[in-house]
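Shown next, in structure tokens, is the structure this report addresses.
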Amino acid sequence: MPDRHKRVRSVLTSTKVALVLIALLSAAAVYGVSTDKAFFGGPPFLLLVAVFALNLGACAAQQISRAWRRWRGTRAGAPELHPRYETWAAAPVEDWSGLAAIGREMARRLRRRHYRVDFEPDGDQKLIIRARKFRFGIWGPAVFHVGLLLIVAGGFVSLATRTWGSFGLLEGETFSDHRENYVIYKKGVLSPERHGQFQVRLDKVNLQFSPAGALVDYGARVAILRDGLEVKAADVDGPHPVFWGNYTFYKNLFGYAPALRLTDAQGAEMVRFYVALDTSMPGLGADIDLKDTRVQYFGDFDIPRSPYQVSARFFPDLDGSVDAPRTRSHVPRDPGMVITVTKLGQQVYRGKLMQGQTVRFNDGNRLQFERYRTWYGLAVVEDAGVSWVFVGAWLSLGSLLPLYLLVPRQVVVALATDGGVTRVAVGGRSDRFRALLAEEFDRLILELKEVTTPPGGPPVT
């Protein structure tokens, strides 16, 4: 059984397995991008991500265990067991106090190089100095693996549980988070069906125009409510979404909603209603030239409680003929519509309908364009994995400091007197970049030899 556990652990922490999974994920990503992006939220891709997360989790656990054992402190071994090792005979000392004096001076030199020094005797004739530097760097690989694990796990959570919806509402109206209220609603394969978490109130639509009357940008002032109580109020536009909990609210589109009133031949009101017209826009956040015919406000709708169908085009500043209408400006100075009204398949009116005007159908009924309101569209995303990815990215980035700059190093010095001869042995080790340690070790050896050289005496060998 222990051998089986060892084999399983070896497979889970295998670098070869990780490379195979990375290659499979790369190929799957190319397939998803080139065919259907919905593939990323499907079971095959999620299974690959989950297996890769398992591999990373096993590697992270191994790195944490290894770092913890080193932190708990297996003591550094004898100098001769280190990759860098040097020994020499020093000037003899008469007693223990002389040996301790040499040791204290060596410890001072090591501390000057930012080593943390432990100074301890080992019997009557031997002294051991253990020095460490950048000990926190032990945790660098572990933190890096944990950061990667959080990124991959966050990606899995995002792909599997992310929800996305779009909705629109008129100024002053409140939207409630229920599935039937969304224009479009999508959710991940593991996302629970959870609604009623928030409401959104549209306080004001802020349209920005150039001096020439072109539409530059459009934003809105919105309030987020929970159980009817306002919890956040903020402005939303292109570069500034609104964040609340796991939800992010982005701007989508805006448009106009004319208020229409239908009366009969005697002037009695038959129905009064708002109709939110669709918007077709060439791009978000870009100046829309007045001659750009791709921006349109239009819609086909039935007049409630009547036999009429209407096809309408809205113009913020209507000019031109019925057959060739245009807008003088995107600033709504003189709004109007060009409408075609049919009744049971027969056309009863075609022409302009300006704000405040009433047109008469050939059957005697009348339609009035009373006023208009502005509507605003929002897209809301619930993505619990984003925070995981954010934390993981910062952990991985932060781990680069101990990985590459704070590389753990240790030096062990053994001083011993034997038969009137003082022997010095020094060993050094670095976790990574051993060439850099070699340079530092050589300088350190020269300094320590200076300590063991008697005043005015020849250099030690």
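Letters A, B, ... go to the chains of the structure tokens in the order shown; residues in each chain start at 1; ligands are counted from 1 in the same order.
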
Just the residues within 9 Å of region 115-118 of chain A, please, counting only C-alpha atoms, with nothing from its chain fewer than 5 positions along; format it as an MDAnalysis selection string.
chainID A and resid 107:110 128:134 409:411

Excluding same-chain residues fewer than 4 positions from Asp317 (chain A), what lies within 9 Å of it counting only C-alpha atoms, as a list of chain:residue names?
A:Arg326, A:Thr327, A:Arg328, A:Ser329, A:His330, A:Val331, A:Pro332, A:Arg333, A:Asp334, A:Pro335, A:Gly336

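Shell of region 19-27 of chain A at 8 Å, with only C-alpha atoms counted and residues fewer than 5 places along the chain excluded, is Phe45, Leu48, Val49, Val51 and Phe52 of chain A.
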
Name all residues at most 12 Å from Arg135 (chain A) (count only C-alpha atoms; drop same-chain ones fewer than 3 positions away) and give them as a ChimeraX atom specification.
/A:67-68,70-73,114-117,131-132,138-140,402-403,405-410,430-431

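With only C-alpha atoms as the atoms that count, the residue of A:Val200, A:Thr374, A:Tyr297, A:Lys251 with the shortest distance to Met281 (chain A) is A:Tyr297.
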
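Shortest separation to Asp319 (chain A) among A:Asp302, A:Met354, A:Arg272, A:Gln208 occurs at residue A:Met354, atoms counted being only C-alpha atoms.
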
Residues at most 10 Å from region 439-451 of chain A, counting only C-alpha atoms, excluding those fewer than 4 positions away in the same chain, as a PyMOL selection string?
chain A and resi 84-91+101-107+109-110+113+411+413+424+426-429+434-435+455+459-461

With N, CA and C atoms retained, export the selected residues as a short mmCIF file (atom, residue, chain, number, x, y, z; two decimals), in the first residue's frame.
```cif
data_model
loop_
_atom_site.label_atom_id
_atom_site.label_comp_id
_atom_site.auth_asym_id
_atom_site.auth_seq_id
_atom_site.Cartn_x
_atom_site.Cartn_y
_atom_site.Cartn_z
N ARG A 84 30.10 23.88 -1.72
CA ARG A 84 31.30 24.70 -1.63
C ARG A 84 32.00 24.38 -0.30
N TYR A 85 33.27 24.01 -0.38
CA TYR A 85 33.96 23.57 0.83
C TYR A 85 35.41 24.00 0.74
N GLU A 86 35.93 24.50 1.87
CA GLU A 86 37.35 24.86 1.94
C GLU A 86 37.82 24.70 3.37
N THR A 87 39.05 24.27 3.54
CA THR A 87 39.62 24.09 4.88
C THR A 87 41.07 24.56 4.88
N TRP A 88 41.52 25.03 6.03
CA TRP A 88 42.90 25.47 6.16
C TRP A 88 43.32 25.40 7.63
N ALA A 89 44.65 25.46 7.82
CA ALA A 89 45.22 25.50 9.17
C ALA A 89 45.50 26.95 9.54
N ALA A 90 45.04 27.32 10.73
CA ALA A 90 45.20 28.69 11.19
C ALA A 90 46.25 28.76 12.29
N ALA A 91 46.53 29.97 12.72
CA ALA A 91 47.47 30.17 13.82
C ALA A 91 46.95 29.48 15.07
N ALA A 101 37.22 33.84 20.62
CA ALA A 101 37.45 35.18 20.07
C ALA A 101 37.48 35.14 18.55
N ILE A 102 38.16 34.11 18.00
CA ILE A 102 38.17 33.97 16.54
C ILE A 102 36.74 33.75 16.03
N GLY A 103 35.99 32.91 16.72
CA GLY A 103 34.61 32.63 16.31
C GLY A 103 33.73 33.87 16.34
N ARG A 104 33.88 34.69 17.39
CA ARG A 104 33.07 35.92 17.48
C ARG A 104 33.40 36.88 16.34
N GLU A 105 34.67 36.98 15.99
CA GLU A 105 35.04 37.88 14.89
C GLU A 105 34.51 37.35 13.56
N MET A 106 34.57 36.04 13.37
CA MET A 106 33.98 35.47 12.15
C MET A 106 32.48 35.72 12.09
N ALA A 107 31.80 35.56 13.22
CA ALA A 107 30.36 35.81 13.27
C ALA A 107 30.05 37.26 12.94
N ARG A 109 31.82 39.21 11.01
CA ARG A 109 32.01 39.40 9.56
C ARG A 109 30.81 38.84 8.79
N LEU A 110 30.29 37.73 9.24
CA LEU A 110 29.11 37.14 8.56
C LEU A 110 27.88 38.03 8.74
N ARG A 113 27.60 40.81 6.43
CA ARG A 113 27.08 40.40 5.12
C ARG A 113 25.63 39.95 5.20
N VAL A 411 25.95 29.14 5.37
CA VAL A 411 27.39 28.93 5.54
C VAL A 411 27.60 28.28 6.89
N VAL A 413 30.74 27.12 9.55
CA VAL A 413 32.16 27.23 9.88
C VAL A 413 32.44 26.34 11.09
N VAL A 424 40.34 25.15 10.43
CA VAL A 424 39.13 25.88 10.03
C VAL A 424 38.55 25.18 8.80
N VAL A 426 35.08 25.46 6.19
CA VAL A 426 33.95 26.31 5.82
C VAL A 426 33.20 25.63 4.66
N GLY A 427 31.89 25.50 4.81
CA GLY A 427 31.05 24.98 3.75
C GLY A 427 29.94 25.97 3.41
N GLY A 428 29.54 26.03 2.14
CA GLY A 428 28.49 26.95 1.71
C GLY A 428 27.52 26.29 0.74
N ARG A 429 26.29 26.76 0.77
CA ARG A 429 25.25 26.19 -0.09
C ARG A 429 24.27 27.31 -0.50
N ARG A 434 24.10 29.06 -8.14
CA ARG A 434 25.28 28.73 -7.36
C ARG A 434 26.52 29.50 -7.82
N ALA A 435 26.50 29.96 -9.06
CA ALA A 435 27.64 30.76 -9.54
C ALA A 435 27.74 32.06 -8.75
N PRO A 455 48.60 38.76 13.94
CA PRO A 455 49.10 40.10 13.62
C PRO A 455 50.56 40.05 13.20
N PRO A 459 50.39 34.88 5.88
CA PRO A 459 49.04 34.38 5.60
C PRO A 459 48.93 32.89 5.93
N VAL A 460 47.74 32.53 6.37
CA VAL A 460 47.53 31.12 6.68
C VAL A 460 47.33 30.36 5.39
N THR A 461 47.56 29.04 5.46
CA THR A 461 47.39 28.19 4.27
C THR A 461 46.43 27.06 4.59
#
```

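Residue nearest Ala160 (chain A), chosen from A:Leu202, A:Leu225, A:Val236, A:Ala384 and counting only C-alpha atoms: A:Ala384.
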
Could you state the separation of CA of Leu262 (chain A) and CA of Gln368 (chain A) in Å, given to one decimal place?
6.5 Å

CA of Val381 (chain A) to CA of Asn246 (chain A) measures 8.1 Å

Contact check, region 251-331 of chain A to region 166-178 of chain A, at most 10 Å, counting only C-alpha atoms, closest pairs as a Markdown table:
```
| residue | atom | partner | partner_atom | distance |
| --- | --- | --- | --- | --- |
| A:Lys251 | CA | A:Ser166 | CA | 9.5 |
| A:Asn252 | CA | A:Ser166 | CA | 7.9 |
| A:Leu253 | CA | A:Gly168 | CA | 8.3 |
| A:Phe254 | CA | A:Gly168 | CA | 8.1 |
| A:Gly255 | CA | A:Leu170 | CA | 9.3 |
| A:Tyr256 | CA | A:Leu170 | CA | 8.8 |
| A:Ala257 | CA | A:Leu170 | CA | 7.8 |
| A:Tyr274 | CA | A:Leu170 | CA | 9.6 |
| A:Ala276 | CA | A:Leu170 | CA | 8.3 |
```

Using only C-alpha atoms, determine which residues lie at most 8 Å from Asn55 (chain A), disregarding the query and same-chain residues fewer than 2 positions distant; provide the list as a VMD selection string.
chain A and resid 12 to 14 17 to 18 51 to 53 57 to 59

Using C-alpha atoms, can you write the selected residues to a file as a CSV table (one decimal), in the first residue's frame?
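Final file, part_5.csv:
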```csv
chain,number,residue,atom,x,y,z
A,12,LEU,CA,0.3,13.6,-9.5
A,13,THR,CA,3.5,15.6,-9.0
A,14,SER,CA,5.1,14.6,-12.3
A,17,VAL,CA,2.2,15.0,-16.7
A,18,ALA,CA,2.1,18.8,-16.3
A,51,VAL,CA,-7.0,17.6,-13.9
A,52,PHE,CA,-4.4,20.3,-14.4
A,53,ALA,CA,-5.5,21.9,-11.1
A,57,GLY,CA,-2.4,21.2,-6.2
A,58,ALA,CA,-0.2,18.0,-5.6
A,59,CYS,CA,2.9,20.0,-6.7
```

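CA of Leu149 (chain A) to CA of Gly385 (chain A) spans 12.2 Å [interatomic distance, one decimal].
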